[in-house]
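Structure file run-v7.cif; described as mmCIF, C-alpha atoms.
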```cif
data_input
#
loop_
_atom_site.label_atom_id
_atom_site.label_comp_id
_atom_site.auth_asym_id
_atom_site.auth_seq_id
_atom_site.Cartn_x
_atom_site.Cartn_y
_atom_site.Cartn_z
CA MET A 1 43.50 -49.43 36.50
CA GLY A 2 46.89 -51.09 37.02
CA ASN A 3 50.11 -50.09 38.75
CA TYR A 4 51.60 -48.48 35.66
CA GLN A 5 48.62 -46.19 35.10
CA LEU A 6 48.63 -45.20 38.78
CA PHE A 7 52.39 -44.58 38.60
CA VAL A 8 52.06 -42.22 35.62
CA LEU A 9 49.01 -40.36 36.93
CA GLY A 10 50.58 -40.08 40.39
CA SER A 11 53.78 -38.77 38.82
CA LEU A 12 51.82 -36.11 36.92
CA GLY A 13 50.07 -35.07 40.11
CA LEU A 14 53.32 -34.83 42.07
CA LEU A 15 55.01 -33.01 39.20
CA THR A 16 52.16 -30.48 39.03
CA LEU A 17 52.59 -29.77 42.74
CA VAL A 18 56.36 -29.26 42.33
CA VAL A 19 55.94 -26.99 39.29
CA VAL A 20 53.28 -24.86 41.00
CA ILE A 21 55.40 -24.46 44.14
CA ALA A 22 58.46 -23.50 42.06
CA ALA A 23 56.38 -21.02 40.05
CA ILE A 24 55.00 -19.41 43.21
CA ILE A 25 58.47 -19.03 44.74
CA TRP A 26 60.07 -17.50 41.65
CA LYS A 27 57.11 -15.88 39.88
CA ARG A 28 58.54 -12.37 40.33
CA LYS A 29 61.55 -13.36 38.26
CA PHE A 30 59.48 -14.21 35.19
CA ARG A 31 58.09 -11.89 32.59
CA THR A 32 54.53 -12.37 31.30
CA MET A 33 55.70 -14.06 28.10
CA GLN A 34 57.93 -16.46 30.02
CA GLY A 35 55.04 -17.43 32.30
CA MET A 36 52.82 -18.09 29.29
CA MET A 37 55.51 -20.25 27.70
CA ILE A 38 55.99 -22.34 30.86
CA SER A 39 52.22 -22.83 31.27
CA MET A 40 51.77 -23.82 27.63
CA PHE A 41 54.71 -26.26 27.68
CA PHE A 42 53.59 -27.90 30.91
CA GLY A 43 49.87 -28.09 30.08
CA MET A 44 50.50 -29.54 26.62
CA ASN A 45 52.89 -32.28 27.76
CA VAL A 46 50.79 -33.30 30.77
CA GLY A 47 47.75 -33.51 28.49
CA LEU A 48 49.63 -35.63 25.95
CA THR A 49 50.98 -37.95 28.64
CA ALA A 50 47.58 -38.49 30.25
CA GLY A 51 45.88 -38.71 26.86
CA VAL A 52 48.06 -41.51 25.47
CA LEU A 53 47.87 -43.40 28.78
CA LEU A 54 44.08 -43.19 29.10
CA GLY A 55 43.50 -43.61 25.37
CA VAL A 56 45.22 -46.99 25.32
CA THR A 57 43.71 -47.98 28.70
CA TYR A 58 40.13 -47.26 27.60
CA GLN A 59 40.44 -48.26 23.95
CA GLY A 60 36.96 -48.47 22.50
CA ASN A 61 35.68 -45.59 24.64
CA LEU A 62 37.30 -42.54 23.06
CA PHE A 63 34.80 -40.16 24.65
CA LEU A 64 35.75 -41.18 28.20
CA SER A 65 39.52 -41.12 27.59
CA THR A 66 39.28 -37.73 25.85
CA ILE A 67 37.24 -36.11 28.61
CA LEU A 68 39.52 -37.42 31.37
CA SER A 69 42.78 -36.52 29.64
CA MET A 70 41.56 -33.04 28.70
CA ALA A 71 40.50 -32.47 32.31
CA ILE A 72 43.97 -33.50 33.56
CA GLY A 73 45.76 -31.32 30.99
CA VAL A 74 43.52 -28.31 31.67
CA LEU A 75 43.96 -28.65 35.43
CA ALA A 76 47.76 -28.88 35.22
CA GLY A 77 48.13 -26.04 32.71
CA SER A 78 45.70 -23.76 34.56
CA LEU A 79 47.29 -24.30 37.98
CA CYS A 80 50.70 -23.52 36.53
CA GLY A 81 49.40 -20.45 34.72
CA LEU A 82 47.59 -19.20 37.82
CA CYS A 83 50.97 -18.32 39.30
CA PHE A 84 51.77 -15.92 36.44
CA GLY A 85 48.48 -14.22 35.59
CA ILE A 86 45.28 -14.54 33.57
CA LEU A 87 47.01 -14.75 30.18
CA SER A 88 49.14 -17.66 31.40
CA VAL A 89 46.01 -19.37 32.76
CA LEU A 90 44.35 -19.16 29.34
CA GLU A 91 47.53 -20.38 27.62
CA GLY A 92 47.87 -23.34 29.97
CA LEU A 93 44.16 -24.16 29.73
CA MET A 94 44.10 -24.26 25.93
CA ALA A 95 47.39 -26.17 25.72
CA GLY A 96 46.15 -28.78 28.21
CA LEU A 97 42.86 -29.07 26.32
CA MET A 98 44.62 -29.64 23.02
CA GLY A 99 47.24 -32.00 24.45
CA GLY A 100 44.64 -34.17 26.18
CA MET A 101 42.50 -34.42 23.06
CA MET A 102 45.41 -35.31 20.74
CA GLY A 103 46.91 -37.77 23.22
CA ALA A 104 43.62 -39.63 23.64
CA MET A 105 43.22 -40.02 19.88
CA VAL A 106 46.78 -41.35 19.56
CA GLY A 107 46.26 -43.79 22.45
CA GLU A 108 43.08 -45.08 20.81
CA MET A 109 44.93 -46.05 17.63
CA ILE A 110 48.17 -47.65 18.88
CA ARG A 111 49.13 -50.85 20.68
CA VAL A 112 50.13 -51.13 24.34
CA ASP A 113 53.83 -51.65 23.61
CA GLN A 114 53.87 -48.60 21.34
CA SER A 115 52.09 -46.46 23.93
CA ILE A 116 54.70 -47.10 26.62
CA SER A 117 57.45 -45.42 24.58
CA LEU A 118 55.28 -42.38 23.86
CA ILE A 119 54.21 -42.07 27.49
CA GLN A 120 57.85 -42.13 28.61
CA ILE A 121 58.77 -39.41 26.12
CA PHE A 122 55.90 -37.11 27.11
CA LEU A 123 56.47 -37.76 30.82
CA PHE A 124 60.13 -36.79 30.42
CA LEU A 125 59.12 -33.60 28.61
CA SER A 126 56.68 -32.81 31.43
CA ILE A 127 59.47 -33.25 33.99
CA SER A 128 61.68 -30.99 31.88
CA THR A 129 59.43 -28.09 32.90
CA ILE A 130 61.44 -27.96 36.13
CA PHE A 131 64.66 -27.39 34.14
CA ILE A 132 62.96 -24.70 32.07
CA ILE A 133 61.87 -22.87 35.21
CA ALA A 134 65.40 -23.10 36.62
CA ILE A 135 66.91 -21.74 33.40
CA LEU A 136 64.44 -18.89 32.92
CA LYS A 137 64.68 -17.69 36.52
CA THR A 138 68.43 -17.18 36.19
CA PRO A 139 69.32 -13.57 35.23
CA GLN A 140 71.08 -13.24 31.88
CA ASN A 141 74.06 -11.36 33.33
CA SER A 142 74.52 -13.55 36.40
CA LYS A 143 78.00 -14.87 37.18
CA VAL A 144 79.04 -18.19 38.63
CA LEU A 145 80.79 -17.52 41.94
CA THR A 146 81.41 -21.11 43.02
CA LYS A 147 81.24 -24.56 41.48
CA LYS A 148 78.58 -25.65 43.99
CA TRP A 149 75.88 -24.57 41.54
CA LEU A 150 76.63 -27.79 39.59
CA LEU A 151 75.21 -29.85 42.46
CA LYS A 152 71.63 -28.73 41.86
CA PRO A 153 71.29 -29.82 38.21
CA LEU A 154 73.31 -32.97 38.89
CA VAL A 155 71.11 -34.00 41.82
CA LEU A 156 67.95 -33.20 39.88
CA SER A 157 69.16 -35.08 36.80
CA THR A 158 70.09 -38.11 38.91
CA PHE A 159 66.65 -38.10 40.48
CA VAL A 160 64.97 -37.93 37.06
CA VAL A 161 67.10 -40.83 35.75
CA PHE A 162 66.24 -43.09 38.67
CA PHE A 163 62.61 -42.03 38.41
CA ILE A 164 62.44 -43.02 34.74
CA ILE A 165 64.30 -46.31 35.38
CA GLY A 166 61.76 -47.17 38.07
CA GLY A 167 58.96 -46.32 35.70
CA ASN A 168 60.47 -48.56 33.00
CA SER A 169 60.43 -51.57 35.33
CA ILE A 170 56.75 -50.99 36.02
CA ALA A 171 56.13 -50.45 32.30
CA GLU A 172 57.66 -53.83 31.43
CA LYS A 173 55.31 -55.56 33.86
CA TYR A 174 52.41 -53.60 32.41
CA GLY A 175 53.34 -54.52 28.85
CA ASN A 176 53.47 -58.21 29.74
CA GLN A 177 50.40 -58.16 31.96
CA LYS A 178 47.94 -59.38 29.36
CA GLU A 179 50.25 -62.18 28.28
CA LEU A 180 50.70 -63.37 31.87
CA GLU A 181 46.95 -63.36 32.41
CA MET A 182 46.22 -65.52 29.38
CA PRO A 183 45.17 -69.13 30.09
CA GLU A 184 47.39 -72.02 29.14
CA SER A 185 45.15 -72.93 26.25
CA HIS A 186 46.08 -69.68 24.53
CA HIS A 187 49.83 -70.15 24.91
CA SER A 188 49.71 -73.74 23.77
CA ALA A 189 47.87 -72.87 20.57
CA MET A 190 50.11 -72.93 17.52
CA PRO A 191 49.42 -70.93 14.36
CA GLY A 192 47.76 -73.07 11.73
CA SER A 193 46.77 -75.82 14.18
CA THR A 194 43.33 -77.40 13.88
CA ASP A 195 41.52 -79.40 16.51
CA ASN A 196 40.13 -82.49 14.79
CA SER A 197 39.03 -84.30 17.94
CA ASP A 198 35.47 -84.15 16.62
CA SER A 199 35.28 -86.27 13.49
CA GLU A 200 32.11 -84.49 12.36
CA SER A 201 33.36 -80.92 12.67
CA GLN A 202 36.66 -79.07 12.49
CA MET A 203 37.00 -76.86 15.58
CA ILE A 204 38.90 -73.58 15.12
CA VAL A 205 39.48 -71.35 18.15
CA LEU A 206 40.68 -67.85 17.30
CA GLU A 207 41.50 -65.24 19.96
CA THR A 208 42.26 -61.53 19.66
CA VAL A 209 44.87 -60.12 22.06
CA ASP A 210 46.76 -56.81 21.79
CA MET A 211 45.34 -56.13 18.31
CA LYS A 212 46.48 -59.51 16.95
CA TYR A 213 44.87 -62.82 16.01
CA SER A 214 46.19 -65.85 17.88
CA LYS A 215 46.56 -67.62 14.51
CA ASN A 216 47.42 -66.19 11.14
CA GLU A 217 47.16 -69.45 9.19
CA ILE A 218 44.26 -71.89 9.47
CA ILE A 219 44.08 -75.18 7.54
CA VAL A 220 40.73 -76.94 7.04
CA GLU A 221 39.26 -79.62 4.77
CA LYS A 222 36.81 -78.91 2.01
CA ASP A 223 33.19 -80.10 2.37
CA LYS A 224 33.65 -80.72 6.09
CA PRO A 225 31.86 -78.54 8.68
CA VAL A 226 34.02 -75.91 10.35
CA THR A 227 33.10 -74.43 13.74
CA LEU A 228 34.90 -71.10 14.12
CA THR A 229 35.02 -69.53 17.60
CA LEU A 230 36.17 -65.93 17.99
CA THR A 231 37.09 -64.81 21.52
CA ASN A 232 37.80 -61.11 21.97
CA ARG A 233 40.24 -60.48 24.83
CA ASP A 234 40.91 -56.86 23.89
CA LYS A 235 39.02 -53.78 25.09
CA VAL A 236 37.86 -52.86 21.58
CA GLU A 237 35.53 -54.59 19.12
CA HIS A 238 36.96 -57.11 16.67
CA ASP A 239 35.62 -59.31 13.91
CA ILE A 240 36.80 -61.73 11.26
CA GLU A 241 35.69 -61.64 7.65
CA ILE A 242 36.36 -64.24 4.96
CA ARG A 243 35.41 -63.16 1.45
CA THR A 244 34.12 -66.20 -0.45
CA SER A 245 30.85 -67.33 -1.99
CA SER A 246 31.83 -71.01 -1.85
CA PHE A 247 30.31 -71.96 1.48
CA ASN A 248 27.23 -73.42 3.09
CA MET A 249 26.03 -71.96 6.36
CA VAL A 250 25.31 -74.55 9.08
CA MET A 251 24.78 -72.39 12.16
CA GLY A 252 25.03 -68.61 12.22
CA SER A 253 25.62 -66.05 14.94
CA LYS A 254 23.62 -62.96 15.88
CA HIS A 255 26.61 -60.91 14.68
CA ASN A 256 27.68 -62.92 11.65
CA HIS A 257 26.28 -60.69 8.86
CA GLY A 258 24.95 -63.91 7.39
CA GLY A 259 22.72 -62.10 4.91
CA ASN A 260 25.64 -61.50 2.57
CA LYS A 261 26.15 -64.43 0.22
CA ASP A 262 29.70 -63.40 -0.72
CA LEU A 263 31.37 -63.43 2.69
CA LEU A 264 31.56 -65.04 6.10
CA HIS A 265 31.58 -62.55 8.97
CA LEU A 266 31.86 -63.09 12.72
CA HIS A 267 31.81 -60.20 15.21
CA ALA A 268 32.78 -60.25 18.92
CA THR A 269 32.47 -57.38 21.37
CA PRO A 270 35.15 -56.88 24.09
CA GLY A 271 35.36 -59.83 26.48
CA ASN A 272 32.82 -61.94 24.56
CA THR A 273 32.89 -65.07 22.40
CA GLU A 274 30.93 -65.75 19.21
CA THR A 275 30.69 -68.97 17.16
CA LEU A 276 29.93 -69.69 13.53
CA THR A 277 29.58 -73.08 11.80
CA PHE A 278 29.88 -73.43 8.04
CA THR A 279 31.24 -75.67 5.27
CA LEU A 280 33.69 -74.49 2.60
CA THR A 281 32.96 -76.14 -0.75
CA GLU A 282 36.00 -75.19 -2.84
CA SER A 283 39.74 -75.61 -2.27
CA GLY A 284 41.91 -72.52 -2.19
CA VAL A 285 43.51 -69.84 -0.03
CA TYR A 286 41.14 -67.25 1.41
CA GLU A 287 42.28 -64.13 3.23
CA PHE A 288 40.67 -63.27 6.55
CA TYR A 289 41.00 -59.96 8.42
CA CYS A 290 39.39 -57.59 10.90
CA THR A 291 37.12 -55.02 9.22
CA VAL A 292 37.26 -52.48 12.09
CA PRO A 293 39.02 -49.38 10.64
CA GLY A 294 42.78 -49.49 11.21
CA HIS A 295 42.92 -53.02 12.63
CA LYS A 296 43.86 -54.75 9.38
CA GLU A 297 46.72 -52.27 8.93
CA LEU A 298 47.98 -53.15 12.42
CA GLY A 299 48.40 -56.81 11.41
CA MET A 300 44.99 -58.40 12.05
CA ILE A 301 45.12 -60.52 8.90
CA GLY A 302 45.68 -64.15 7.97
CA GLN A 303 44.93 -67.00 5.56
CA PHE A 304 42.23 -69.67 5.52
CA ILE A 305 43.69 -72.63 3.58
CA VAL A 306 41.13 -75.11 2.27
CA SER A 307 42.60 -78.41 1.05
#
```
In structure tokens, write the structure found in this file.
Amino acid sequence: MGNYQLFVLGSLGLLTLVVVIAAIIWKRKFRTMQGMMISMFFGMNVGLTAGVLLGVTYQGNLFLSTILSMAIGVLAGSLCGLCFGILSVLEGLMAGLMGGMMGAMVGEMIRVDQSISLIQIFLFLSISTIFIIAILKTPQNSKVLTKKWLLKPLVLSTFVVFFIIGGNSIAEKYGNQKELEMPESHHSAMPGSTDNSDSESQMIVLETVDMKYSKNEIIVEKDKPVTLTLTNRDKVEHDIEIRTSSFNMVMGSKHNHGGNKDLLHLHATPGNTETLTFTLTESGVYEFYCTVPGHKELGMIGQFIVS
């Protein structure tokens, strides 16, 4: 778990402590319905924040991310509700449960760069619980005696702004982390390039990073062996499928679905590499894509051009 995940989870923990302390101090000023509303709002947003964060962190293991995010949402909502009574506890518990479950499912389906924006939105909404408490604790008929009351919301707003700015700087590093960790061979690879150093076989190296193929156009020669290597650098399963019956299999893979005569299929689990060698016997343009549900729609698609 990286710095950004620790920053968000630590922020949620600190925020829960602040909200609980504020609720304990001013609980006598809230009616039952107001306490239930605060608990529901806080539990739901904490669950969503943790869910999206853990869902994208543990992509491929939805069970783990769901259990963890629901536990965080339930804990935050219940602790907040405990200050107002049993009905508020139940409201916060159910809201945290629902928020954690929905957030984990969203995090499972989106990319890292998309998740950062959602996490920032839900984290801001979680922090807004403090403003809600401050507003609800103020009597409806209260009068402003001095202008010093402006200092409190201004100081709090300034703190929240700097807090979010600091989080954004960490988020940028987190979003670029995978790219920085990639070896030089990945960055030097150009879409459509083919390594023809071996006169007997055309070597194609394809990598999957952040729900994308490293190449979306591959050019090969007809009737010449092609060795296709698929390296999965994501935390979820990926594959590549080429629908054509015009090929001869040279060397298969344990995950190549080679029994189907109408397609070429190569499958790689997270962190692993698989290789397939074959010969294409007819010229043309063949589409390749990832068959894992939702991955093709996210852009995991390209063209195999046989000349």
Dump as CSV the rows for residues of stretch 31-76 of chain A within 10 Å of stretch 80-90 of chain A: closest atom pair and distance in Å with one decimal, all atoms listed in the file counted, ordered by chain and rising residue number.
```
residue,atom,partner,partner_atom,distance
A:Arg31,CA,A:Phe84,CA,8.4
A:Thr32,CA,A:Phe84,CA,6.8
A:Met33,CA,A:Ser88,CA,8.2
A:Gln34,CA,A:Phe84,CA,8.9
A:Gly35,CA,A:Phe84,CA,5.5
A:Met36,CA,A:Ser88,CA,4.3
A:Met37,CA,A:Ser88,CA,7.8
A:Ile38,CA,A:Cys80,CA,7.8
A:Ser39,CA,A:Gly81,CA,5.1
A:Met40,CA,A:Ser88,CA,7.7
A:Phe42,CA,A:Cys80,CA,7.7
A:Gly43,CA,A:Cys80,CA,7.9
A:Val74,CA,A:Val89,CA,9.3
A:Leu75,CA,A:Cys80,CA,8.5
A:Ala76,CA,A:Cys80,CA,6.3
```
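Atom pair atom CA of A:Pro270 / atom CA of A:Thr231: separated by 8.6 Å.
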Subject >> Contacts of A:Val306 at 8 Å (all atoms listed in the file; same-chain gap of 3+ positions) as a ChimeraX atom specification >> reply: /A:219-222,280,282-286
Original post:
If you measure from atom CA of A:Tyr213 to atom CA of A:Thr281, what distance in Å do you get, rounded to one decimal?
Top reply: 24.5 Å
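This file, queried with the PyMOL selection byres ((chain A and resi 263) around 7), gives the residues Glu241, Ile242, Arg243, Thr244, Ser245, Asn260, Lys261, Asp262, Leu264 and His265 of chain A.
Coordinates place atom CA of A:Met70 at a distance of 22.2 Å from atom CA of A:Ala23.
With only C-alpha atoms as the atoms that count, the minimum distance from A:Lys29 to the choices A:Ala268, A:Thr208, A:Leu136, A:Thr273 is reached by A:Leu136.
Shell of A:Asn272 at 10 Å, with all atoms listed in the file counted and residues fewer than 6 places along the chain excluded, is Leu230, Thr231, Asn232, Arg233, Asp234 and Glu237 of chain A.
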Dump of C-alpha atoms for the selected residues, as a PDB file, in the coordinates of the input:
```pdb
ATOM      1  CA  LEU A 230      36.170 -65.930  17.990  1.00  0.00           C
ATOM      2  CA  THR A 231      37.090 -64.810  21.520  1.00  0.00           C
ATOM      3  CA  ASN A 232      37.800 -61.110  21.970  1.00  0.00           C
ATOM      4  CA  ARG A 233      40.240 -60.480  24.830  1.00  0.00           C
ATOM      5  CA  ASP A 234      40.910 -56.860  23.890  1.00  0.00           C
ATOM      6  CA  GLU A 237      35.530 -54.590  19.120  1.00  0.00           C
TER       7      GLU A 237
END
```
Subject >> Contact residues around A:Leu64 with all atoms listed in the file at 12 Å, ignoring same-chain residues under 5 positions, as a ChimeraX atom specification >> reply: /A:51,54-59,69-71,100-101,104-105,108
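With only C-alpha atoms as the atoms that count, the residue of A:Phe124, A:Asp113, A:Phe247, A:Gly96 with the shortest distance to A:Val8 is A:Phe124.
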Just need the box for stretch 99-105 of chain A, edges along x, y and z, holding every atom the file lists for it with 8 Å tacked onto each side, so centre and edge lengths in Å to one decimal, as AutoDock Vina command-line options.
```
--center_x 44.9 --center_y -36.0 --center_z 23.0 --size_x 20.7 --size_y 24.0 --size_z 22.3
```
Original post:
Which protein, DNA or RNA residues have an atom at most 8 Å from (32.8, -73.7, 13.7), counting only C-alpha atoms? List them as a PyMOL selection string.
Top reply: chain A and resi 201-204+225-229+275-278
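Using all atoms listed in the file, the nearest neighbour of A:Ile67 within the list A:Leu97, A:Ile110, A:Leu53, A:Leu12 is A:Leu97.
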Subject >> Explicit residues for the PyMOL selection byres ((chain A and resi 289) around 6) (as a ChimeraX atom specification) >> reply: /A:240-241,288,290,300-301
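Comparing the minimum interatomic distances between A:Ser117 and each of A:Val52, A:Ile305, A:Met249, A:Leu15, counting only C-alpha atoms, we find that A:Val52 sits nearest.
Minimum distance to A:Lys215 across A:Gln114, A:Ser11, A:Gln303, A:Thr269 (counting only C-alpha atoms) occurs at A:Gln303.
Among the candidates A:Ser126, A:Thr291, A:Thr66, A:Ser307, the residue lying nearest to A:Lys224 is A:Ser307 (atoms considered: only C-alpha atoms).
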**OP:** Specify as a ChimeraX atom specification each residue included when the PyMOL selection byres ((chain A and resi 128) around 12) is applied to this file.
**Re:** /A:15-16,18-19,38,41-42,45-46,121-127,129-135,153,156-157,160-161
Take the residues just selected and output them with C-alpha atoms as a PDB file, in the frame of the given file.
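Now in part.pdb:
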```pdb
ATOM      1  CA  LEU A  15      55.010 -33.010  39.200  1.00  0.00           C
ATOM      2  CA  THR A  16      52.160 -30.480  39.030  1.00  0.00           C
ATOM      3  CA  VAL A  18      56.360 -29.260  42.330  1.00  0.00           C
ATOM      4  CA  VAL A  19      55.940 -26.990  39.290  1.00  0.00           C
ATOM      5  CA  ILE A  38      55.990 -22.340  30.860  1.00  0.00           C
ATOM      6  CA  PHE A  41      54.710 -26.260  27.680  1.00  0.00           C
ATOM      7  CA  PHE A  42      53.590 -27.900  30.910  1.00  0.00           C
ATOM      8  CA  ASN A  45      52.890 -32.280  27.760  1.00  0.00           C
ATOM      9  CA  VAL A  46      50.790 -33.300  30.770  1.00  0.00           C
ATOM     10  CA  ILE A 121      58.770 -39.410  26.120  1.00  0.00           C
ATOM     11  CA  PHE A 122      55.900 -37.110  27.110  1.00  0.00           C
ATOM     12  CA  LEU A 123      56.470 -37.760  30.820  1.00  0.00           C
ATOM     13  CA  PHE A 124      60.130 -36.790  30.420  1.00  0.00           C
ATOM     14  CA  LEU A 125      59.120 -33.600  28.610  1.00  0.00           C
ATOM     15  CA  SER A 126      56.680 -32.810  31.430  1.00  0.00           C
ATOM     16  CA  ILE A 127      59.470 -33.250  33.990  1.00  0.00           C
ATOM     17  CA  THR A 129      59.430 -28.090  32.900  1.00  0.00           C
ATOM     18  CA  ILE A 130      61.440 -27.960  36.130  1.00  0.00           C
ATOM     19  CA  PHE A 131      64.660 -27.390  34.140  1.00  0.00           C
ATOM     20  CA  ILE A 132      62.960 -24.700  32.070  1.00  0.00           C
ATOM     21  CA  ILE A 133      61.870 -22.870  35.210  1.00  0.00           C
ATOM     22  CA  ALA A 134      65.400 -23.100  36.620  1.00  0.00           C
ATOM     23  CA  ILE A 135      66.910 -21.740  33.400  1.00  0.00           C
ATOM     24  CA  PRO A 153      71.290 -29.820  38.210  1.00  0.00           C
ATOM     25  CA  LEU A 156      67.950 -33.200  39.880  1.00  0.00           C
ATOM     26  CA  SER A 157      69.160 -35.080  36.800  1.00  0.00           C
ATOM     27  CA  VAL A 160      64.970 -37.930  37.060  1.00  0.00           C
ATOM     28  CA  VAL A 161      67.100 -40.830  35.750  1.00  0.00           C
TER      29      VAL A 161
END
```
